[in-house]
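Source file: work-v2.cif. Holds: mmCIF, C-alpha atoms (C1' of nucleotides).
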data_structure
#
loop_
_atom_site.label_atom_id
_atom_site.label_comp_id
_atom_site.auth_asym_id
_atom_site.auth_seq_id
_atom_site.Cartn_x
_atom_site.Cartn_y
_atom_site.Cartn_z
CA MET A 1 10.79 112.77 -15.68
CA SER A 2 11.98 110.33 -13.07
CA GLU A 3 12.47 112.03 -9.75
CA ARG A 4 14.38 110.10 -7.08
CA PRO A 5 14.16 106.57 -8.50
CA PRO A 6 13.82 103.33 -6.56
CA GLU A 7 16.82 102.08 -4.63
CA ARG A 8 17.09 98.85 -6.58
CA PRO A 9 17.31 99.37 -10.32
CA PRO A 10 14.53 97.65 -12.25
CA GLU A 11 14.89 94.00 -13.15
CA TYR A 12 16.64 93.35 -16.41
CA PRO A 13 14.42 93.19 -19.48
CA PRO A 14 14.41 89.95 -21.46
CA VAL A 15 17.11 89.76 -24.10
CA PRO A 16 15.71 90.31 -27.59
CA ARG A 17 16.54 87.71 -30.25
CA GLY A 18 16.78 90.02 -33.26
CA PRO A 19 20.16 91.48 -34.29
CA ALA A 20 19.51 95.07 -33.22
CA GLY A 21 18.00 94.43 -29.81
CA LEU A 22 20.39 91.61 -29.06
CA ALA A 23 23.32 93.82 -30.00
CA ALA A 24 22.33 96.39 -27.40
CA GLU A 25 22.00 93.91 -24.55
CA LEU A 26 24.99 91.85 -25.56
CA ARG A 27 27.21 94.88 -25.79
CA THR A 28 26.20 95.99 -22.32
CA ALA A 29 26.78 92.54 -20.88
CA LEU A 30 30.20 92.27 -22.56
CA MET A 31 31.33 95.67 -21.37
CA ARG A 32 30.20 95.07 -17.81
CA SER A 33 31.71 91.63 -17.62
CA THR A 34 35.01 92.92 -18.88
CA ARG A 35 34.99 95.79 -16.46
CA ARG A 36 34.35 93.35 -13.67
CA LEU A 37 37.13 91.04 -14.75
CA ARG A 38 39.51 93.92 -15.06
CA ALA A 39 38.66 95.03 -11.54
CA MET A 40 39.84 91.64 -10.25
CA LYS A 41 43.47 92.29 -10.92
CA SER A 42 45.69 93.04 -7.99
CA ASP A 43 47.45 96.35 -7.70
CA ASP A 44 50.99 95.27 -8.37
CA ASP A 45 49.81 93.35 -11.38
CA LEU A 46 50.80 94.07 -14.91
CA SER A 47 48.68 96.71 -16.57
CA ASP A 48 46.16 95.65 -19.13
CA ALA A 49 48.23 96.81 -22.03
CA GLN A 50 51.32 95.07 -20.71
CA PHE A 51 49.60 91.79 -20.04
CA SER A 52 47.87 91.84 -23.37
CA VAL A 53 51.15 92.16 -25.25
CA LEU A 54 52.83 89.56 -23.08
CA ALA A 55 50.01 87.13 -23.78
CA LEU A 56 50.22 87.85 -27.49
CA LEU A 57 53.94 87.13 -27.53
CA ASP A 58 53.32 83.95 -25.61
CA ARG A 59 50.59 82.84 -27.98
CA CYS A 60 52.16 83.87 -31.27
CA GLY A 61 55.90 84.03 -30.72
CA PRO A 62 58.29 86.91 -31.47
CA ARG A 63 56.77 89.90 -33.22
CA THR A 64 57.90 93.31 -34.36
CA PRO A 65 56.56 96.40 -32.58
CA GLY A 66 54.60 97.26 -35.69
CA GLU A 67 52.86 93.91 -35.72
CA LEU A 68 52.12 94.19 -32.04
CA ALA A 69 50.68 97.67 -32.53
CA GLU A 70 48.43 96.47 -35.28
CA ALA A 71 47.26 93.45 -33.32
CA GLU A 72 46.42 95.63 -30.33
CA HIS A 73 44.84 98.36 -32.42
CA VAL A 74 47.25 100.88 -31.06
CA GLN A 75 49.57 103.39 -32.73
CA PRO A 76 53.26 102.44 -32.97
CA PRO A 77 54.53 104.97 -30.43
CA SER A 78 52.16 103.55 -27.83
CA MET A 79 53.51 100.09 -28.47
CA THR A 80 57.08 101.33 -28.25
CA ARG A 81 56.31 102.49 -24.75
CA THR A 82 54.53 99.33 -23.69
CA VAL A 83 57.37 97.19 -25.02
CA ALA A 84 59.87 99.40 -23.24
CA SER A 85 58.11 98.82 -19.93
CA LEU A 86 58.16 95.07 -20.48
CA VAL A 87 61.86 95.16 -21.34
CA GLU A 88 62.57 97.23 -18.25
CA ARG A 89 60.86 94.63 -16.11
CA GLY A 90 62.88 91.90 -17.77
CA LEU A 91 59.81 90.20 -19.22
CA ALA A 92 60.64 90.76 -22.87
CA GLU A 93 63.69 91.59 -24.93
CA ARG A 94 64.37 93.26 -28.24
CA GLY A 95 66.42 91.40 -30.82
CA ASP A 96 67.59 91.92 -34.35
CA HIS A 97 65.24 91.23 -37.19
CA PRO A 98 66.79 88.85 -39.71
CA GLY A 99 66.95 90.61 -43.03
CA ASP A 100 65.65 94.07 -42.13
CA ARG A 101 67.68 96.13 -39.74
CA ARG A 102 65.02 98.81 -39.37
CA GLN A 103 62.85 96.32 -37.64
CA VAL A 104 63.11 94.73 -34.24
CA LEU A 105 61.86 91.43 -32.94
CA VAL A 106 60.34 91.45 -29.50
CA ARG A 107 60.34 88.15 -27.69
CA LEU A 108 59.47 86.85 -24.25
CA THR A 109 62.21 86.14 -21.75
CA PRO A 110 61.86 83.04 -19.58
CA ALA A 111 60.71 85.34 -16.77
CA GLY A 112 58.11 86.74 -19.12
CA ARG A 113 56.80 83.33 -19.92
CA THR A 114 56.50 82.46 -16.27
CA THR A 115 54.78 85.74 -15.52
CA VAL A 116 52.22 85.40 -18.24
CA GLU A 117 51.26 81.95 -17.04
CA GLU A 118 50.98 82.99 -13.41
CA THR A 119 49.01 86.12 -14.22
CA ARG A 120 46.67 84.20 -16.42
CA ARG A 121 45.96 81.70 -13.66
CA ARG A 122 45.36 84.43 -11.13
CA ARG A 123 43.07 86.44 -13.37
CA ASP A 124 41.05 83.41 -14.30
CA ALA A 125 40.55 82.35 -10.70
CA TRP A 126 37.66 84.69 -9.92
CA LEU A 127 35.78 83.90 -13.08
CA ALA A 128 36.34 80.18 -12.61
CA ARG A 129 34.76 80.39 -9.16
CA GLN A 130 31.70 82.12 -10.58
CA LEU A 131 31.42 79.56 -13.35
CA ALA A 132 31.69 76.72 -10.88
CA GLY A 133 28.35 77.89 -9.46
CA LEU A 134 26.56 77.43 -12.76
CA THR A 135 24.86 74.31 -14.04
CA PRO A 136 26.63 72.28 -16.73
CA ALA A 137 23.92 73.38 -19.17
CA GLU A 138 24.69 77.01 -18.45
CA ARG A 139 28.39 76.46 -18.92
CA GLU A 140 27.61 74.74 -22.19
CA VAL A 141 25.80 77.89 -23.34
CA LEU A 142 28.77 80.05 -22.38
CA ALA A 143 31.20 77.72 -24.13
CA ARG A 144 29.20 77.86 -27.32
CA ALA A 145 28.85 81.62 -27.00
CA THR A 146 32.63 81.84 -26.67
CA GLU A 147 33.05 80.03 -29.94
CA ILE A 148 30.57 82.32 -31.66
CA LEU A 149 32.16 85.45 -30.24
CA ARG A 150 35.56 84.36 -31.50
CA ARG A 151 34.19 84.28 -35.02
CA VAL A 152 32.05 87.39 -34.74
CA VAL A 153 34.79 89.69 -33.56
CA ALA A 154 37.67 87.91 -35.25
CA PRO A 155 40.36 90.46 -36.02
CA MET B 1 61.42 77.58 -28.46
CA SER B 2 59.45 78.99 -31.36
CA GLU B 3 61.65 80.92 -33.75
CA ARG B 4 59.88 82.93 -36.45
CA PRO B 5 56.38 81.45 -36.09
CA PRO B 6 53.80 80.85 -38.82
CA GLU B 7 52.12 83.87 -40.34
CA ARG B 8 48.64 82.79 -39.34
CA PRO B 9 48.27 82.08 -35.64
CA PRO B 10 47.16 78.55 -34.87
CA GLU B 11 43.47 77.72 -35.03
CA TYR B 12 41.61 78.27 -31.81
CA PRO B 13 41.48 75.31 -29.48
CA PRO B 14 38.06 73.95 -28.57
CA VAL B 15 36.47 75.65 -25.58
CA PRO B 16 36.67 73.48 -22.46
CA ARG B 17 33.44 72.86 -20.54
CA GLY B 18 34.89 72.81 -17.02
CA PRO B 19 34.99 75.99 -14.92
CA ALA B 20 38.74 76.59 -15.06
CA GLY B 21 39.32 76.00 -18.75
CA LEU B 22 36.12 77.74 -19.73
CA ALA B 23 37.09 80.71 -17.61
CA ALA B 24 40.32 81.17 -19.53
CA GLU B 25 38.74 81.05 -22.96
CA LEU B 26 35.68 83.04 -21.97
CA ARG B 27 37.78 85.78 -20.42
CA THR B 28 39.84 86.10 -23.56
CA ALA B 29 36.76 86.21 -25.77
CA LEU B 30 35.11 88.82 -23.55
CA MET B 31 38.17 91.02 -23.46
CA ARG B 32 38.73 90.85 -27.18
CA SER B 33 35.11 91.48 -28.02
CA THR B 34 35.02 94.49 -25.78
CA ARG B 35 38.21 95.85 -27.24
CA ARG B 36 36.76 95.44 -30.69
CA LEU B 37 33.51 97.17 -29.76
CA ARG B 38 35.41 99.97 -28.13
CA ALA B 39 37.45 100.45 -31.28
CA MET B 40 34.26 101.04 -33.24
CA LYS B 41 33.60 104.40 -31.69
CA SER B 42 34.24 107.44 -33.81
CA ASP B 43 36.86 109.92 -32.76
CA ASP B 44 34.64 112.79 -31.73
CA ASP B 45 32.58 110.42 -29.68
CA LEU B 46 32.18 110.50 -25.96
CA SER B 47 34.90 108.68 -24.10
CA ASP B 48 34.13 105.35 -22.53
CA ALA B 49 33.96 106.75 -19.05
CA GLN B 50 31.68 109.57 -20.14
CA PHE B 51 29.31 107.38 -22.08
CA SER B 52 29.16 104.85 -19.32
CA VAL B 53 28.04 107.44 -16.78
CA LEU B 54 25.61 109.00 -19.21
CA ALA B 55 24.05 105.61 -19.86
CA LEU B 56 23.84 104.91 -16.15
CA LEU B 57 22.04 108.19 -15.52
CA ASP B 58 19.70 107.41 -18.38
CA ARG B 59 18.97 103.93 -17.07
CA CYS B 60 18.71 104.69 -13.37
CA GLY B 61 17.85 108.38 -13.05
CA PRO B 62 19.64 111.05 -11.00
CA ARG B 63 22.49 109.84 -8.82
CA THR B 64 25.07 111.38 -6.51
CA PRO B 65 28.72 111.37 -7.55
CA GLY B 66 29.41 108.87 -4.82
CA GLU B 67 26.83 106.45 -6.13
CA LEU B 68 28.14 106.88 -9.65
CA ALA B 69 31.69 106.23 -8.50
CA GLU B 70 30.66 103.05 -6.75
CA ALA B 71 28.63 101.82 -9.70
CA GLU B 72 31.56 102.40 -12.04
CA HIS B 73 34.13 100.97 -9.62
CA VAL B 74 36.03 104.19 -9.63
CA GLN B 75 37.27 106.48 -6.88
CA PRO B 76 35.24 109.61 -6.14
CA PRO B 77 37.76 112.09 -7.52
CA SER B 78 37.74 110.31 -10.86
CA MET B 79 33.98 110.57 -10.99
CA THR B 80 34.11 114.24 -10.08
CA ARG B 81 36.21 114.77 -13.17
CA THR B 82 34.01 112.70 -15.45
CA VAL B 83 30.89 114.45 -14.23
CA ALA B 84 32.58 117.81 -14.72
CA SER B 85 33.30 116.97 -18.34
CA LEU B 86 29.68 115.99 -18.91
CA VAL B 87 28.46 119.20 -17.30
CA GLU B 88 30.86 121.23 -19.44
CA ARG B 89 29.43 119.64 -22.56
CA GLY B 90 25.92 120.39 -21.40
CA LEU B 91 24.96 116.72 -21.16
CA ALA B 92 24.41 116.59 -17.42
CA GLU B 93 23.79 119.02 -14.61
CA ARG B 94 24.39 119.12 -10.90
CA GLY B 95 21.44 119.84 -8.63
CA ASP B 96 20.77 120.03 -4.92
CA HIS B 97 20.25 116.89 -2.96
CA PRO B 98 17.00 117.02 -1.00
CA GLY B 99 17.83 116.64 2.66
CA ASP B 100 21.64 116.55 2.58
CA ARG B 101 23.42 119.60 1.37
CA ARG B 102 26.82 117.93 1.27
CA GLN B 103 25.61 115.79 -1.56
CA VAL B 104 24.81 116.61 -5.14
CA LEU B 105 22.41 115.02 -7.57
CA VAL B 106 23.68 114.59 -11.09
CA ARG B 107 21.01 114.32 -13.75
CA LEU B 108 20.84 114.19 -17.53
CA THR B 109 19.91 117.29 -19.48
CA PRO B 110 17.62 116.85 -22.49
CA ALA B 111 20.72 117.13 -24.68
CA GLY B 112 22.29 114.38 -22.61
CA ARG B 113 19.32 112.13 -23.13
CA THR B 114 19.42 112.69 -26.88
CA THR B 115 23.15 112.07 -26.98
CA VAL B 116 23.01 108.83 -25.06
CA GLU B 117 20.34 107.47 -27.37
CA GLU B 118 22.19 108.46 -30.51
CA THR B 119 25.51 107.14 -29.28
CA ARG B 120 23.93 103.89 -28.24
CA ARG B 121 22.41 103.43 -31.68
CA ARG B 122 25.69 104.18 -33.39
CA ARG B 123 27.73 101.90 -31.18
CA ASP B 124 25.29 99.06 -31.56
CA ALA B 125 25.22 99.33 -35.34
CA TRP B 126 28.46 97.48 -35.97
CA LEU B 127 27.63 94.64 -33.61
CA ALA B 128 24.11 94.38 -35.01
CA ARG B 129 25.54 93.95 -38.50
CA GLN B 130 27.78 91.14 -37.31
CA LEU B 131 24.90 89.47 -35.50
CA ALA B 132 22.71 89.72 -38.57
CA GLY B 133 25.12 87.31 -40.27
CA LEU B 134 24.53 84.61 -37.67
CA THR B 135 21.90 81.93 -37.72
CA PRO B 136 18.89 82.32 -35.42
CA ALA B 137 20.22 79.39 -33.39
CA GLU B 138 23.52 81.18 -32.86
CA ARG B 139 21.76 84.35 -31.81
CA GLU B 140 19.72 82.28 -29.40
CA VAL B 141 22.94 81.05 -27.82
CA LEU B 142 24.25 84.60 -27.47
CA ALA B 143 20.96 85.78 -25.98
CA ARG B 144 21.03 83.05 -23.37
CA ALA B 145 24.68 83.73 -22.68
CA THR B 146 23.82 87.38 -22.13
CA GLU B 147 21.31 86.41 -19.50
CA ILE B 148 23.82 84.17 -17.77
CA LEU B 149 26.55 86.81 -17.87
CA ARG B 150 24.21 89.33 -16.28
CA ARG B 151 23.83 87.05 -13.32
CA VAL B 152 27.43 85.90 -13.15
CA VAL B 153 28.94 89.35 -13.00
CA ALA B 154 26.00 91.07 -11.31
CA PRO B 155 27.30 94.02 -9.32
"C1'" DC C 1 28.05 122.69 21.06
"C1'" DA C 2 32.39 120.20 19.98
"C1'" DG C 3 34.47 116.71 17.90
"C1'" DG C 4 34.32 113.40 14.49
"C1'" DC C 5 32.35 111.59 10.26
"C1'" DT C 6 30.82 111.75 5.33
"C1'" DC C 7 30.68 113.70 0.83
"C1'" DA C 8 32.45 116.30 -2.92
"C1'" DT C 9 36.13 118.61 -4.57
"C1'" DT C 10 41.02 120.23 -5.52
"C1'" DA C 11 45.89 119.32 -6.28
"C1'" DG C 12 49.29 116.61 -8.04
"C1'" DC C 13 51.18 112.16 -9.85
"C1'" DC C 14 51.33 108.21 -13.21
"C1'" DT C 15 50.04 105.53 -17.09
"C1'" DT C 16 48.81 105.17 -21.64
"C1'" DG C 17 46.47 106.77 -25.52
"C1'" DC C 18 47.51 110.24 -29.46
"C1'" DT C 19 50.11 113.26 -33.19
"C1'" DA C 20 54.24 115.32 -35.08
"C1'" DA C 21 58.79 114.94 -36.13
"C1'" DG C 22 63.36 112.57 -36.61
"C1'" DG C 23 66.90 108.99 -37.76
"C1'" DA C 24 68.16 104.66 -39.76
"C1'" DT C 25 67.50 101.44 -43.20
"C1'" DA C 26 65.34 99.60 -47.52
"C1'" DT C 27 63.74 100.15 -52.11
"C1'" DG C 28 62.96 101.92 -56.56
"C1'" DC C 29 63.90 104.95 -60.43
"C1'" DT C 30 66.93 107.11 -63.55
"C1'" DA D 1 75.72 104.05 -58.76
"C1'" DG D 2 73.13 107.66 -56.65
"C1'" DC D 3 69.34 109.98 -55.04
"C1'" DA D 4 64.41 110.25 -53.72
"C1'" DT D 5 60.89 108.12 -51.44
"C1'" DA D 6 58.94 104.79 -48.18
"C1'" DT D 7 59.00 102.15 -44.15
"C1'" DC D 8 59.92 101.25 -39.42
"C1'" DC D 9 61.00 102.44 -34.81
"C1'" DT D 10 61.69 105.92 -31.61
"C1'" DT D 11 61.53 110.54 -29.20
"C1'" DA D 12 58.96 114.58 -27.63
"C1'" DG D 13 55.09 116.60 -26.02
"C1'" DC D 14 49.96 116.72 -25.13
"C1'" DA D 15 45.36 115.01 -23.18
"C1'" DA D 16 42.41 111.83 -20.76
"C1'" DG D 17 41.44 109.49 -16.91
"C1'" DG D 18 42.93 106.43 -13.29
"C1'" DC D 19 44.93 107.07 -8.29
"C1'" DT D 20 46.10 109.11 -3.31
"C1'" DA D 21 46.30 112.92 -0.06
"C1'" DA D 22 44.42 116.86 1.63
"C1'" DT D 23 40.55 120.44 2.06
"C1'" DG D 24 36.12 122.36 3.14
"C1'" DA D 25 31.19 122.14 3.81
"C1'" DG D 26 27.58 120.02 6.12
"C1'" DC D 27 25.70 116.33 9.23
"C1'" DC D 28 25.37 113.94 13.56
"C1'" DT D 29 26.42 112.18 18.25
"C1'" DG D 30 27.77 112.59 22.93
#

Could I get this structure in the form of structure tokens?
Amino acid sequence: MSERPPERPPEYPPVPRGPAGLAAELRTALMRSTRRLRAMKSDDDLSDAQFSVLALLDRCGPRTPGELAEAEHVQPPSMTRTVASLVERGLAERGDHPGDRRQVLVRLTPAGRTTVEETRRRRDAWLARQLAGLTPAEREVLARATEILRRVVAP
Amino acid sequence: MSERPPERPPEYPPVPRGPAGLAAELRTALMRSTRRLRAMKSDDDLSDAQFSVLALLDRCGPRTPGELAEAEHVQPPSMTRTVASLVERGLAERGDHPGDRRQVLVRLTPAGRTTVEETRRRRDAWLARQLAGLTPAEREVLARATEILRRVVAP
DNA sequence: CAGGCTCATTAGCCTTGCTAAGGATATGCT
DNA sequence: AGCATATCCTTAGCAAGGCTAATGAGCCTG
């Protein structure tokens, strides 16, 4: 087996074009990119879970905790906690659900809306810098890949 | 502001081609894809952190905890714990470092090698099925995007 | 050979996932 | 109507996996 391997890991293999091989390389690239993006957040930032819910509320409007849990692929108690942390910070608020008093409608506060926009800008800054170093043709490939990914992993 | 919004969220906007706009849409697509992939793991599977280290050891050969921590963008104590869990499961083992007895070399066991290959196959299966439904041209776009992402987020 | 540095580990905290269980409200059946 | 069941959110308690601070072993420099 490999004893002490070379200092620099081997060059990347070419990306296969068939579904199985492509899946392996694409998955790795997606995971690593996401990890890298995640690492760019500052310490006093919102957590991932918090920001994700905030962004969802911003994009889709008021939602019940159950809907949020389903959208985030999380169990309801986890969402209860995330929502509670947002409410504590004054970024969201719970309100009555019209017509079903078991349910609750979570909505952004004005502060929440501001925060989501600021955070988004900040988180995108690093990636935007990297993309600025690419050629227009390369950005075109990424833009088209984005569209394909949206469909492939559509909820 | 938006009161009870439409049931179906609005159609996705077109993906901008400039760095800033592209960054926003690309980041979202990456995050969501990764979340979706992550959700595909079965319950008795390795955790993300565990699998990631196992895969790294498989790809790059024996490494010290410190090197692993750096590669995973994690603090050393976190890696100590992850490595410990892999050792407990019999998937990795600690061995002496030649020439520096403070350090430790973590390496895969044969069981670890088998596990990483199986897990990889299983995790890729879902994505491969989705990709099989695309046209060759679309897969070509994803393959080229993979190559670009590798460079963009390179460690 | 003494002091300081590096590496791994331990201890202890926090967040965020989970399941199980509980309370309030809605719904459906008789 | 009245009671059983279902649905929805929440509470309680556990586990995983981040983090920092502190510890101990081994290396190295002056």

### Query
Applied to this file, what does the PyMOL selection byres ((chain D) within 8 of (chain A)) return in terms of residues, put as a PyMOL selection string?
chain D and resi 8-10

Give the padded box for range 12-24 of chain D as JSON: axis-aligned, covering all atoms listed in the file, 6 Å on each side, centre and edge lengths in Å to one decimal.
{"center_x": 47.5, "center_y": 114.4, "center_z": -12.2, "size_x": 34.8, "size_y": 27.9, "size_z": 42.8}

### Task
Check which residues satisfy the PyMOL selection byres ((chain B and resi 50-58) around 9) in the file shown, then give them as an NGL selection string.
:B and (45-49 or 59-63 or 68 or 71-72 or 79 or 82-83 or 85-86 or 91-92 or 106-108 or 112-113 or 115-117 or 119-120)

Residues of range 3-101 of chain A within 12 Å of range 141-154 of chain A: nearest atom pair and distance (Å, one decimal) for each, counting only C-alpha atoms, sorted by chain and number, as a tab-separated table?
residue	atom	partner	partner_atom	distance
A:Ala23	CA	A:Val152	CA	11.8
A:Leu26	CA	A:Leu149	CA	10.7
A:Arg27	CA	A:Leu149	CA	11.5
A:Leu30	CA	A:Leu149	CA	10.5
A:Ala71	CA	A:Ala154	CA	11.2

### Task
Would you please work out which residue, of A:Arg139, A:Arg89, A:Lys41, A:Arg94, is nearest to chain B when using all atoms listed in the file?
A:Arg139

#### Entry: Near-range 21-23 of chain D list (10 Å; all atoms listed in the file; drop same-chain fewer than 3 positions) as a list in words
DT9, DT10, DA11 and DG12 of chain C

### Task
Tell me which protein, DNA and RNA residues are within 12 Å of DT5 in chain D, counting all atoms listed in the file, leaving out same-chain ones fewer than 6 positions away, and put them as a PyMOL selection string.
chain C and resi 26-29

### Message
Give me, as a PyMOL selection string, the residues of chain C touching chain A, with the criterion being at most 10 Å (counting only C-alpha atoms (C1' of nucleotides)).
### Response
chain C and resi 15-19+24-26
